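Undergrad: What follows is query.txt, made up of compact mmCIF, C-alpha atoms:
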```txt
# COMPACT_ATOMS: atom_id res chain seq x y z
CA MET A 1 -80.82 -66.32 -13.71
CA SER A 2 -80.42 -64.25 -16.83
CA TYR A 3 -77.15 -63.79 -18.74
CA ALA A 4 -76.86 -60.14 -17.64
CA ALA A 5 -77.27 -61.11 -13.99
CA LYS A 6 -74.60 -63.84 -14.30
CA THR A 7 -72.17 -61.38 -15.89
CA SER A 8 -72.73 -58.82 -13.13
CA ALA A 9 -72.18 -61.45 -10.48
CA ALA A 10 -68.96 -62.64 -12.12
CA THR A 11 -67.65 -59.12 -12.30
CA LYS A 12 -68.31 -58.56 -8.63
CA ASN A 13 -66.51 -61.79 -7.78
CA HIS A 14 -63.32 -60.58 -9.58
CA ARG A 15 -63.11 -57.05 -8.11
CA GLU A 16 -60.12 -56.03 -5.98
CA PRO A 17 -60.66 -56.43 -2.28
CA ARG A 18 -62.05 -53.29 -0.69
CA GLY A 19 -59.38 -50.97 0.83
CA ARG A 20 -56.45 -51.84 -1.52
CA PRO A 21 -55.45 -49.01 -3.94
CA ARG A 22 -55.49 -49.66 -7.62
CA LYS A 23 -51.99 -50.04 -9.12
CA ARG A 24 -51.10 -47.15 -11.41
CA ALA A 25 -48.68 -47.08 -14.33
CA THR A 26 -45.19 -45.53 -13.57
CA PRO A 27 -44.49 -42.36 -15.63
CA ILE A 28 -41.72 -42.78 -18.16
CA TRP A 29 -39.51 -40.08 -16.60
CA ARG A 30 -39.46 -42.00 -13.32
CA ARG A 31 -38.39 -45.29 -14.82
CA ARG A 32 -34.80 -46.42 -14.17
CA TRP A 33 -33.86 -46.94 -17.79
CA PHE A 34 -35.00 -43.43 -18.68
CA ARG A 35 -32.95 -41.83 -15.89
CA THR A 36 -29.88 -43.85 -16.84
CA THR A 37 -30.19 -42.75 -20.46
CA LEU A 38 -30.70 -39.11 -19.46
CA SER A 39 -27.64 -39.16 -17.14
CA SER A 40 -25.49 -40.55 -19.93
CA LEU A 41 -26.68 -37.82 -22.28
CA VAL A 42 -25.83 -35.10 -19.71
CA ILE A 43 -22.31 -36.52 -19.30
CA ILE A 44 -21.83 -36.48 -23.05
CA LEU A 45 -23.02 -32.89 -23.26
CA LEU A 46 -20.76 -31.78 -20.42
CA GLY A 47 -17.84 -33.51 -22.04
CA GLY A 48 -18.47 -31.80 -25.32
CA THR A 49 -20.57 -28.66 -25.50
CA GLY A 50 -20.09 -27.88 -21.80
CA TRP A 51 -16.30 -27.66 -22.19
CA TRP A 52 -16.79 -25.63 -25.37
CA SER A 53 -19.04 -23.22 -23.48
CA ILE A 54 -16.42 -22.66 -20.79
CA ARG A 55 -13.61 -22.23 -23.29
CA SER A 56 -15.64 -19.87 -25.42
CA GLY A 57 -16.32 -17.66 -22.40
CA LEU A 58 -20.06 -18.21 -22.47
CA VAL A 59 -20.30 -18.89 -18.74
CA GLU A 60 -18.04 -15.97 -17.93
CA ARG A 61 -20.09 -13.63 -20.09
CA VAL A 62 -23.28 -14.74 -18.38
CA VAL A 63 -21.75 -14.14 -14.93
CA VAL A 64 -20.43 -10.72 -15.91
CA SER A 65 -23.75 -9.74 -17.46
CA THR A 66 -25.61 -10.81 -14.33
CA LYS A 67 -23.16 -8.91 -12.14
CA TRP A 68 -23.60 -5.65 -14.04
CA GLN A 69 -27.35 -6.00 -14.08
CA ALA A 70 -27.23 -6.31 -10.29
CA ILE A 71 -24.96 -3.26 -10.04
CA GLN A 72 -27.28 -1.20 -12.20
CA THR A 73 -30.21 -2.26 -10.05
CA SER A 74 -28.32 -1.28 -6.88
CA ALA A 75 -27.52 2.14 -8.37
CA ALA A 76 -31.20 2.67 -9.10
CA LEU A 77 -31.87 1.90 -5.42
CA GLY A 78 -29.48 4.63 -4.28
CA PHE A 79 -26.13 2.83 -4.08
CA ARG A 80 -24.31 5.60 -5.95
CA VAL A 81 -21.27 7.69 -5.01
CA ASP A 82 -22.46 10.97 -3.58
CA GLU A 83 -19.51 11.95 -1.36
CA VAL A 84 -15.76 11.31 -1.05
CA LEU A 85 -14.20 11.87 2.39
CA VAL A 86 -10.39 12.34 2.54
CA VAL A 87 -8.50 12.06 5.84
CA GLY A 88 -4.79 12.81 6.35
CA ARG A 89 -4.01 14.85 3.22
CA GLN A 90 -1.55 17.69 3.74
CA GLU A 91 0.95 17.81 0.88
CA THR A 92 -0.71 15.70 -1.79
CA ASP A 93 -2.42 17.74 -4.49
CA ARG A 94 -6.19 17.32 -4.20
CA ALA A 95 -6.82 17.10 -7.94
CA ARG A 96 -4.13 14.43 -8.39
CA LEU A 97 -5.49 12.46 -5.47
CA LEU A 98 -9.05 12.43 -6.82
CA ALA A 99 -7.79 11.55 -10.30
CA ALA A 100 -5.91 8.57 -8.85
CA LEU A 101 -9.03 7.56 -6.90
CA GLY A 102 -10.77 7.24 -10.26
CA ILE A 103 -14.41 7.74 -9.31
CA VAL A 104 -17.03 10.36 -10.11
CA ARG A 105 -20.17 11.43 -8.30
CA GLY A 106 -23.18 9.40 -9.34
CA ALA A 107 -21.23 6.29 -10.31
CA PRO A 108 -22.46 2.93 -8.93
CA ILE A 109 -20.58 2.46 -5.67
CA LEU A 110 -20.56 -1.33 -5.98
CA ALA A 111 -18.73 -1.03 -9.30
CA PHE A 112 -15.88 0.90 -7.66
CA ASP A 113 -12.69 -1.22 -7.53
CA VAL A 114 -11.17 -0.48 -4.12
CA GLU A 115 -7.94 -2.45 -4.64
CA GLU A 116 -7.13 -0.84 -7.98
CA ALA A 117 -7.71 2.60 -6.46
CA LYS A 118 -5.29 1.82 -3.62
CA ILE A 119 -2.59 0.80 -6.11
CA ARG A 120 -2.97 4.03 -8.10
CA ILE A 121 -2.95 6.26 -5.01
CA SER A 122 0.07 4.53 -3.47
CA ARG A 123 2.11 5.60 -6.51
CA LEU A 124 1.68 9.29 -5.71
CA PRO A 125 4.91 10.92 -4.41
CA TRP A 126 3.78 11.85 -0.91
CA ILE A 127 1.74 8.74 -0.10
CA ARG A 128 3.22 6.28 2.40
CA LYS A 129 0.07 4.31 3.27
CA VAL A 130 -3.50 4.42 2.01
CA SER A 131 -6.81 2.76 2.77
CA VAL A 132 -9.96 3.03 0.67
CA GLU A 133 -13.37 1.98 1.99
CA ARG A 134 -16.95 1.96 0.77
CA MET A 135 -19.39 3.40 3.29
CA LEU A 136 -22.69 2.22 1.90
CA PRO A 137 -24.86 3.41 0.46
CA ASP A 138 -23.16 6.50 -1.04
CA THR A 139 -19.77 7.43 0.50
CA VAL A 140 -16.14 6.55 -0.23
CA LEU A 141 -13.68 7.06 2.64
CA LEU A 142 -10.05 7.67 1.69
CA THR A 143 -7.46 7.68 4.50
CA VAL A 144 -3.85 8.53 3.65
CA GLU A 145 -0.63 8.65 5.62
CA GLU A 146 1.89 10.93 3.96
CA ARG A 147 5.65 10.68 4.12
CA ALA A 148 7.48 12.97 6.54
CA PRO A 149 10.43 14.77 4.90
CA ILE A 150 13.62 14.46 6.91
CA ALA A 151 16.38 15.98 4.78
CA ILE A 152 17.45 17.17 1.34
CA TRP A 153 19.87 14.84 -0.42
CA GLN A 154 22.54 16.28 -2.71
CA HIS A 155 23.98 13.77 -5.16
CA ARG A 156 25.78 14.35 -8.46
CA GLY A 157 24.68 17.93 -8.65
CA THR A 158 20.97 17.28 -8.05
CA LEU A 159 18.75 17.70 -5.00
CA ALA A 160 15.95 15.48 -3.73
CA LEU A 161 13.63 15.54 -0.75
CA ILE A 162 13.87 12.27 1.21
CA ASP A 163 11.95 10.66 4.07
CA ALA A 164 13.13 8.66 7.09
CA ALA A 165 13.29 5.47 5.03
CA GLY A 166 15.66 7.12 2.56
CA GLU A 167 13.00 7.16 -0.17
CA ILE A 168 12.84 10.09 -2.56
CA ILE A 169 9.64 12.10 -2.20
CA LYS A 170 10.24 14.69 -4.91
CA ARG A 171 13.01 16.47 -6.82
CA ASP A 172 11.46 19.80 -7.71
CA GLN A 173 10.05 22.85 -5.90
CA LEU A 174 12.17 22.27 -2.81
CA GLU A 175 12.55 25.92 -1.83
CA ARG A 176 10.19 25.77 1.15
CA PHE A 177 12.17 22.85 2.61
CA GLY A 178 15.37 24.86 2.84
CA ASP A 179 15.43 24.60 6.65
CA LEU A 180 15.99 20.83 6.48
CA LEU A 181 19.41 19.28 6.84
CA LEU A 182 21.42 18.89 3.63
CA VAL A 183 23.02 15.43 3.36
CA VAL A 184 25.70 14.55 0.82
CA GLY A 185 27.01 11.19 -0.35
CA GLU A 186 25.86 8.23 -2.40
CA ASP A 187 24.63 6.19 0.57
CA ALA A 188 23.59 9.19 2.68
CA PRO A 189 19.80 8.54 2.44
CA ASP A 190 20.15 5.09 4.00
CA HIS A 191 21.88 6.52 7.08
CA THR A 192 20.14 9.88 7.50
CA ALA A 193 17.51 8.67 9.98
CA ALA A 194 20.17 7.30 12.32
CA LEU A 195 22.16 10.52 12.01
CA MET A 196 19.12 12.64 12.84
CA LYS A 197 18.50 10.54 15.95
CA THR A 198 22.09 11.20 17.06
CA LEU A 199 21.95 14.91 16.33
CA GLY A 200 18.53 15.29 17.94
CA SER A 201 19.86 13.99 21.24
CA GLN A 202 21.54 17.41 21.70
CA PRO A 203 19.00 19.97 20.43
CA GLU A 204 21.25 22.99 21.12
CA LEU A 205 23.85 21.59 18.71
CA LEU A 206 21.32 20.33 16.18
CA ASP A 207 20.23 23.91 15.52
CA LEU A 208 23.79 24.70 14.39
CA VAL A 209 24.10 21.87 11.83
CA GLU A 210 23.68 22.97 8.22
CA ALA A 211 24.94 19.94 6.29
CA ALA A 212 26.27 16.41 6.75
CA ILE A 213 28.75 14.75 4.39
CA ARG A 214 29.01 10.97 4.23
CA VAL A 215 32.68 9.93 4.29
CA GLY A 216 33.82 6.67 2.73
CA GLY A 217 30.48 5.00 3.40
CA ARG A 218 31.50 4.74 7.07
CA ARG A 219 30.94 7.97 9.00
CA TRP A 220 29.85 11.63 8.84
CA ASN A 221 31.47 15.05 8.71
CA LEU A 222 29.20 17.89 9.80
CA ARG A 223 29.18 21.49 8.63
CA LEU A 224 28.04 23.85 11.38
CA SER A 225 26.98 27.46 11.01
CA GLY A 226 30.01 29.75 11.01
CA GLY A 227 31.94 27.36 8.77
CA ILE A 228 32.93 24.91 11.52
CA ASP A 229 33.55 21.31 10.46
CA VAL A 230 32.92 18.51 12.95
CA GLN A 231 34.34 15.05 12.29
CA LEU A 232 32.23 12.31 13.86
CA PRO A 233 33.70 8.85 14.55
CA GLU A 234 32.65 5.70 12.70
CA GLU A 235 31.34 4.13 15.91
CA ASN A 236 29.65 5.60 18.98
CA ALA A 237 28.84 8.85 17.20
CA SER A 238 26.16 9.69 19.75
CA ILE A 239 28.68 9.54 22.60
CA ALA A 240 31.07 11.83 20.70
CA TRP A 241 28.21 14.24 19.97
CA LEU A 242 27.34 14.31 23.67
CA ARG A 243 30.95 15.06 24.51
CA LEU A 244 30.94 18.05 22.17
CA ALA A 245 27.72 19.33 23.78
CA GLN A 246 29.32 19.09 27.20
CA TYR A 247 32.43 21.00 26.04
CA GLN A 248 30.22 23.63 24.48
CA ARG A 249 28.23 24.11 27.67
CA SER A 250 31.28 24.26 29.91
CA HIS A 251 33.84 25.99 27.66
CA GLY A 252 31.96 27.51 24.72
CA VAL A 253 34.39 25.75 22.39
CA LEU A 254 32.43 26.62 19.23
CA GLN A 255 32.74 30.35 19.90
CA ARG A 256 36.55 30.37 19.80
CA ASP A 257 37.24 30.95 16.12
CA VAL A 258 37.34 27.19 15.58
CA LYS A 259 37.49 25.68 12.08
CA ILE A 260 37.69 21.94 12.78
CA VAL A 261 36.53 19.84 15.73
CA ASP A 262 37.81 16.25 15.54
CA LEU A 263 35.75 13.79 17.61
CA ARG A 264 37.14 10.60 16.09
CA LEU A 265 39.27 9.68 19.11
CA PRO A 266 37.17 8.31 21.99
CA ASP A 267 39.11 9.94 24.85
CA ARG A 268 39.73 13.44 23.56
CA LEU A 269 38.47 16.36 21.51
CA ILE A 270 40.86 17.95 19.03
CA VAL A 271 40.23 21.56 18.04
CA ARG A 272 42.04 23.13 15.08
CA LYS A 273 42.25 26.68 13.86
CA ALA A 274 43.01 26.06 10.22
CA PRO A 275 41.60 26.60 6.72
CA VAL A 276 39.09 24.11 5.38
CA VAL A 277 40.85 20.80 4.88
CA GLU A 278 40.80 19.22 1.44
CA GLY A 279 37.89 16.83 1.16
CA MET A 280 35.50 18.80 3.37
CA GLU A 281 33.80 20.63 0.53
CA LEU A 282 30.14 19.79 0.16
CA GLY A 283 29.84 16.90 -2.22
CA ALA A 284 33.44 15.68 -1.87
CA GLY A 285 32.67 12.92 0.62
CA GLN A 286 36.35 11.99 1.16
CA GLU A 287 38.31 11.04 4.25
CA THR A 288 40.30 13.84 5.86
```
If you took the structure in this file and wrote it as structure tokens, what would it be?
TA:
Amino acid sequence: MSYAAKTSAATKNHREPRGRPRKRATPIWRRRWFRTTLSSLVIILLGGTGWWSIRSGLVERVVVSTKWQAIQTSAALGFRVDEVLVVGRQETDRARLLAALGIVRGAPILAFDVEEAKIRISRLPWIRKVSVERMLPDTVLLTVEERAPIAIWQHRGTLALIDAAGEIIKRDQLERFGDLLLVVGEDAPDHTAALMKTLGSQPELLDLVEAAIRVGGRRWNLRLSGGIDVQLPEENASIAWLRLAQYQRSHGVLQRDVKIVDLRLPDRLIVRKAPVVEGMELGAGQET
């Protein structure tokens, strides 16, 4: 047998058995020591440059930039303000309301800050409640609930329009609210809603009331048309008011040249024909 034949035979005798795959070398990035070293490096970077990136605002700037790119893309797709719908507006000036809304036609609707708009609108004088909604893709819906004026408050020589909660709505241009009840006294706004409930229980008498003066922070004196003063009790004012209504219906007591009707005693009604008693002038607010 020749040398070449012997070599070929030896090679065949040392080959891997048929059917077993040849072992391949493991890539360096899959070896355990490499992964351990890489993990350690990442920890070092996070502990150093990562913290620096957060503190320097790099991450925040990237997030903000991405956000605005998305908003610009949405605007290009039609998500722009095209219409503003307002529900519930009666007294609030339209221009002031839109200025407080703070949005213009064509602006990206996703960039519109709903919560900030609500805060601005809620500061307007007439606004009691407000809701602002996006109606995608192109409409903003603004729903307002305005305050209901209940009386005009006179205090220290100034007038103010107040609502049922005793909150001041406005102090100027009150001429068109002249048919509302005038209330006088430092704490009058806090008690006006309860007074109006009492007076409203007898509508025929309510129409006669022109002003109400808070006395000593405890009760009310009323000024009726014709210059009649009615003294309500500190407690059970509604019962006393009902009693006056009954006397008026049965005896017409308010048509008898009366100047003062005293309802402070629970079992009687005292009628006086006398000049105005000291302390009953509007704004005095003193016990009589």
Undergrad: I'd like to know which of A:Glu91, A:Glu175, A:Asp257, A:Glu83 is closest to Val140 in chain A, using only C-alpha atoms.
TA: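 Among the listed residues, A:Glu83 lies closest to Val140 in chain A.
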Undergrad: CA of Ser201 in chain A and CA of Asp267 in chain A are how many Å apart?
TA: 20.0 Å
Undergrad: Go through A:Leu85, A:Leu101, A:Ala160, A:Leu224 one by one, measure the shortest atom-to-atom distance of each to Thr143 in chain A using only C-alpha atoms, and give the residue with the smallest value.
TA: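 Closest residue, counting only C-alpha atoms: A:Leu85.
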Undergrad: Write out as a PyMOL selection string the residues lying within 12 Å of range 252-255 of chain A, counting all atoms listed in the file and excluding same-chain residues fewer than 4 positions away.
TA: chain A and resi 204-205+208+224-230+243-248+259-261+269-273
Undergrad: State, in Å with one decimal place, the distance from CA of Leu124 in chain A to CA of Ala100 in chain A.
TA: 8.2 Å
Undergrad: Hey, what's within 6 Å of range 147-149 of chain A if we count all atoms listed in the file and toss same-chain stuff fewer than 3 positions away? As an mmCIF file with C-alpha atoms, in the coordinates of the input, please?
TA:
```
data_model
loop_
_atom_site.group_PDB
_atom_site.id
_atom_site.type_symbol
_atom_site.label_atom_id
_atom_site.label_comp_id
_atom_site.auth_asym_id
_atom_site.auth_seq_id
_atom_site.Cartn_x
_atom_site.Cartn_y
_atom_site.Cartn_z
ATOM 1 C CA TRP A 126 3.780 11.850 -0.910
ATOM 2 C CA ARG A 128 3.220 6.280 2.400
ATOM 3 C CA ILE A 162 13.870 12.270 1.210
ATOM 4 C CA ASP A 163 11.950 10.660 4.070
#
```
Undergrad: Could you tell me how far CA of Ala151 in chain A lies from CA of Leu206 in chain A, in Å and to one decimal?
TA: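 Here the two named atoms are 13.2 Å from each other.
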Undergrad: With a distance cut-off of 7 Å and all atoms listed in the file, select the neighbouring residues of range 187-190 of chain A, excluding the residue or stretch itself and same-chain residues fewer than 2 positions from it, and output the selection as number ranges by chain.
TA: A: 153, 165-166, 183-185, 192, 214, 217
Undergrad: Excluding Leu181 in chain A and its own-chain neighbours fewer than 4 positions away, which residues fall within 9 Å of it when counting all atoms listed in the file? Please give them as a list in words.
TA: Ile150, Ala151, Ile152, Trp153, Met196, Val209, Glu210, Ala211 and Ala212 of chain A
Undergrad: Write to file, as a PDB file, in the coordinates of the input, the residues of the selection just made, with C-alpha atoms.
TA:
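Wrote part_25.pdb, looks like this:
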```pdb
ATOM      1  CA  ILE A 150      13.620  14.460   6.910  1.00  0.00           C
ATOM      2  CA  ALA A 151      16.380  15.980   4.780  1.00  0.00           C
ATOM      3  CA  ILE A 152      17.450  17.170   1.340  1.00  0.00           C
ATOM      4  CA  TRP A 153      19.870  14.840  -0.420  1.00  0.00           C
ATOM      5  CA  MET A 196      19.120  12.640  12.840  1.00  0.00           C
ATOM      6  CA  VAL A 209      24.100  21.870  11.830  1.00  0.00           C
ATOM      7  CA  GLU A 210      23.680  22.970   8.220  1.00  0.00           C
ATOM      8  CA  ALA A 211      24.940  19.940   6.290  1.00  0.00           C
ATOM      9  CA  ALA A 212      26.270  16.410   6.750  1.00  0.00           C
TER      10      ALA A 212
END
```
Undergrad: Rank nothing, just name the residue among A:Leu174, A:Arg156, A:Asp207, A:Thr198 nearest to Glu186 in chain A, using all atoms listed in the file.
TA: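 Checking each of A:Leu174, A:Arg156, A:Asp207, A:Thr198 against Glu186 in chain A, counting all atoms listed in the file, the winner is A:Arg156.
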Undergrad: Rank A:Lys118, A:Arg264, A:His251, A:Arg134 by their smallest atom-to-atom distance to Ile239 in chain A, using all atoms listed in the file, and report the top residue only.
TA: A:Arg264
Undergrad: With the input short on atoms, add N, CA and C atoms back to range 224-259 of chain A and write it as a PDB file, in the frame of the given file.
TA:
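What ended up in result.pdb:
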```pdb
ATOM      1  N   LEU A 224      28.809  23.014  10.473  1.00  0.00           N
ATOM      2  CA  LEU A 224      28.040  23.850  11.380  1.00  0.00           C
ATOM      3  C   LEU A 224      28.009  25.285  10.880  1.00  0.00           C
ATOM      4  N   SER A 225      27.032  26.035  11.355  1.00  0.00           N
ATOM      5  CA  SER A 225      26.980  27.460  11.010  1.00  0.00           C
ATOM      6  C   SER A 225      28.274  28.121  11.472  1.00  0.00           C
ATOM      7  N   GLY A 226      28.732  29.107  10.720  1.00  0.00           N
ATOM      8  CA  GLY A 226      30.010  29.750  11.010  1.00  0.00           C
ATOM      9  C   GLY A 226      31.166  29.063  10.338  1.00  0.00           C
ATOM     10  N   GLY A 227      30.883  28.033   9.513  1.00  0.00           N
ATOM     11  CA  GLY A 227      31.940  27.360   8.770  1.00  0.00           C
ATOM     12  C   GLY A 227      32.757  26.381   9.588  1.00  0.00           C
ATOM     13  N   ILE A 228      32.215  25.876  10.677  1.00  0.00           N
ATOM     14  CA  ILE A 228      32.930  24.910  11.520  1.00  0.00           C
ATOM     15  C   ILE A 228      32.624  23.491  11.039  1.00  0.00           C
ATOM     16  N   ASP A 229      33.687  22.705  10.878  1.00  0.00           N
ATOM     17  CA  ASP A 229      33.550  21.310  10.460  1.00  0.00           C
ATOM     18  C   ASP A 229      33.772  20.394  11.655  1.00  0.00           C
ATOM     19  N   VAL A 230      32.830  19.472  11.857  1.00  0.00           N
ATOM     20  CA  VAL A 230      32.920  18.510  12.950  1.00  0.00           C
ATOM     21  C   VAL A 230      33.042  17.114  12.372  1.00  0.00           C
ATOM     22  N   GLN A 231      34.084  16.402  12.786  1.00  0.00           N
ATOM     23  CA  GLN A 231      34.340  15.050  12.290  1.00  0.00           C
ATOM     24  C   GLN A 231      33.854  14.033  13.312  1.00  0.00           C
ATOM     25  N   LEU A 232      32.776  13.331  12.975  1.00  0.00           N
ATOM     26  CA  LEU A 232      32.230  12.310  13.860  1.00  0.00           C
ATOM     27  C   LEU A 232      32.956  10.978  13.650  1.00  0.00           C
ATOM     28  N   PRO A 233      33.034  10.151  14.697  1.00  0.00           N
ATOM     29  CA  PRO A 233      33.700   8.850  14.550  1.00  0.00           C
ATOM     30  C   PRO A 233      32.800   7.843  13.822  1.00  0.00           C
ATOM     31  N   GLU A 234      33.397   6.752  13.386  1.00  0.00           N
ATOM     32  CA  GLU A 234      32.650   5.700  12.700  1.00  0.00           C
ATOM     33  C   GLU A 234      31.708   4.985  13.666  1.00  0.00           C
ATOM     34  N   GLU A 235      32.137   4.793  14.902  1.00  0.00           N
ATOM     35  CA  GLU A 235      31.340   4.130  15.910  1.00  0.00           C
ATOM     36  C   GLU A 235      31.099   5.068  17.094  1.00  0.00           C
ATOM     37  N   ASN A 236      29.992   4.823  17.793  1.00  0.00           N
ATOM     38  CA  ASN A 236      29.650   5.600  18.980  1.00  0.00           C
ATOM     39  C   ASN A 236      29.575   7.103  18.685  1.00  0.00           C
ATOM     40  N   ALA A 237      28.956   7.439  17.575  1.00  0.00           N
ATOM     41  CA  ALA A 237      28.840   8.850  17.200  1.00  0.00           C
ATOM     42  C   ALA A 237      28.008   9.626  18.204  1.00  0.00           C
ATOM     43  N   SER A 238      27.003   8.985  18.783  1.00  0.00           N
ATOM     44  CA  SER A 238      26.160   9.690  19.750  1.00  0.00           C
ATOM     45  C   SER A 238      26.928  10.069  21.006  1.00  0.00           C
ATOM     46  N   ILE A 239      27.858   9.223  21.428  1.00  0.00           N
ATOM     47  CA  ILE A 239      28.680   9.540  22.600  1.00  0.00           C
ATOM     48  C   ILE A 239      29.606  10.718  22.298  1.00  0.00           C
ATOM     49  N   ALA A 240      30.191  10.722  21.098  1.00  0.00           N
ATOM     50  CA  ALA A 240      31.070  11.830  20.700  1.00  0.00           C
ATOM     51  C   ALA A 240      30.275  13.134  20.604  1.00  0.00           C
ATOM     52  N   TRP A 241      29.071  13.053  20.101  1.00  0.00           N
ATOM     53  CA  TRP A 241      28.210  14.240  19.970  1.00  0.00           C
ATOM     54  C   TRP A 241      27.837  14.785  21.348  1.00  0.00           C
ATOM     55  N   LEU A 242      27.601  13.897  22.297  1.00  0.00           N
ATOM     56  CA  LEU A 242      27.340  14.310  23.670  1.00  0.00           C
ATOM     57  C   LEU A 242      28.566  14.997  24.273  1.00  0.00           C
ATOM     58  N   ARG A 243      29.716  14.474  23.974  1.00  0.00           N
ATOM     59  CA  ARG A 243      30.950  15.060  24.510  1.00  0.00           C
ATOM     60  C   ARG A 243      31.148  16.484  24.001  1.00  0.00           C
ATOM     61  N   LEU A 244      30.834  16.705  22.723  1.00  0.00           N
ATOM     62  CA  LEU A 244      30.940  18.050  22.170  1.00  0.00           C
ATOM     63  C   LEU A 244      29.955  18.994  22.857  1.00  0.00           C
ATOM     64  N   ALA A 245      28.728  18.500  23.103  1.00  0.00           N
ATOM     65  CA  ALA A 245      27.720  19.330  23.780  1.00  0.00           C
ATOM     66  C   ALA A 245      28.192  19.720  25.174  1.00  0.00           C
ATOM     67  N   GLN A 246      28.818  18.791  25.858  1.00  0.00           N
ATOM     68  CA  GLN A 246      29.320  19.090  27.200  1.00  0.00           C
ATOM     69  C   GLN A 246      30.440  20.129  27.153  1.00  0.00           C
ATOM     70  N   TYR A 247      31.354  20.010  26.192  1.00  0.00           N
ATOM     71  CA  TYR A 247      32.430  21.000  26.040  1.00  0.00           C
ATOM     72  C   TYR A 247      31.852  22.369  25.679  1.00  0.00           C
ATOM     73  N   GLN A 248      30.827  22.362  24.863  1.00  0.00           N
ATOM     74  CA  GLN A 248      30.220  23.630  24.480  1.00  0.00           C
ATOM     75  C   GLN A 248      29.572  24.315  25.677  1.00  0.00           C
ATOM     76  N   ARG A 249      28.890  23.530  26.500  1.00  0.00           N
ATOM     77  CA  ARG A 249      28.230  24.110  27.670  1.00  0.00           C
ATOM     78  C   ARG A 249      29.238  24.615  28.702  1.00  0.00           C
ATOM     79  N   SER A 250      30.311  23.896  28.866  1.00  0.00           N
ATOM     80  CA  SER A 250      31.280  24.260  29.910  1.00  0.00           C
ATOM     81  C   SER A 250      32.363  25.237  29.441  1.00  0.00           C
ATOM     82  N   HIS A 251      32.729  25.170  28.144  1.00  0.00           N
ATOM     83  CA  HIS A 251      33.840  25.990  27.660  1.00  0.00           C
ATOM     84  C   HIS A 251      33.491  26.876  26.467  1.00  0.00           C
ATOM     85  N   GLY A 252      32.304  26.708  25.891  1.00  0.00           N
ATOM     86  CA  GLY A 252      31.960  27.510  24.720  1.00  0.00           C
ATOM     87  C   GLY A 252      32.945  27.311  23.582  1.00  0.00           C
ATOM     88  N   VAL A 253      33.325  26.048  23.338  1.00  0.00           N
ATOM     89  CA  VAL A 253      34.390  25.750  22.390  1.00  0.00           C
ATOM     90  C   VAL A 253      34.061  26.213  20.965  1.00  0.00           C
ATOM     91  N   LEU A 254      32.812  26.256  20.606  1.00  0.00           N
ATOM     92  CA  LEU A 254      32.430  26.620  19.230  1.00  0.00           C
ATOM     93  C   LEU A 254      32.423  28.125  19.010  1.00  0.00           C
ATOM     94  N   GLN A 255      32.671  28.904  20.047  1.00  0.00           N
ATOM     95  CA  GLN A 255      32.740  30.350  19.900  1.00  0.00           C
ATOM     96  C   GLN A 255      34.195  30.853  19.887  1.00  0.00           C
ATOM     97  N   ARG A 256      35.146  29.991  19.697  1.00  0.00           N
ATOM     98  CA  ARG A 256      36.550  30.370  19.800  1.00  0.00           C
ATOM     99  C   ARG A 256      37.264  30.363  18.445  1.00  0.00           C
ATOM    100  N   ASP A 257      36.622  30.880  17.443  1.00  0.00           N
ATOM    101  CA  ASP A 257      37.240  30.950  16.120  1.00  0.00           C
ATOM    102  C   ASP A 257      37.764  29.582  15.677  1.00  0.00           C
ATOM    103  N   VAL A 258      36.955  28.568  15.912  1.00  0.00           N
ATOM    104  CA  VAL A 258      37.340  27.190  15.580  1.00  0.00           C
ATOM    105  C   VAL A 258      36.945  26.893  14.132  1.00  0.00           C
ATOM    106  N   LYS A 259      37.792  26.117  13.448  1.00  0.00           N
ATOM    107  CA  LYS A 259      37.490  25.680  12.080  1.00  0.00           C
ATOM    108  C   LYS A 259      37.186  24.192  12.023  1.00  0.00           C
TER     109      LYS A 259
END
```
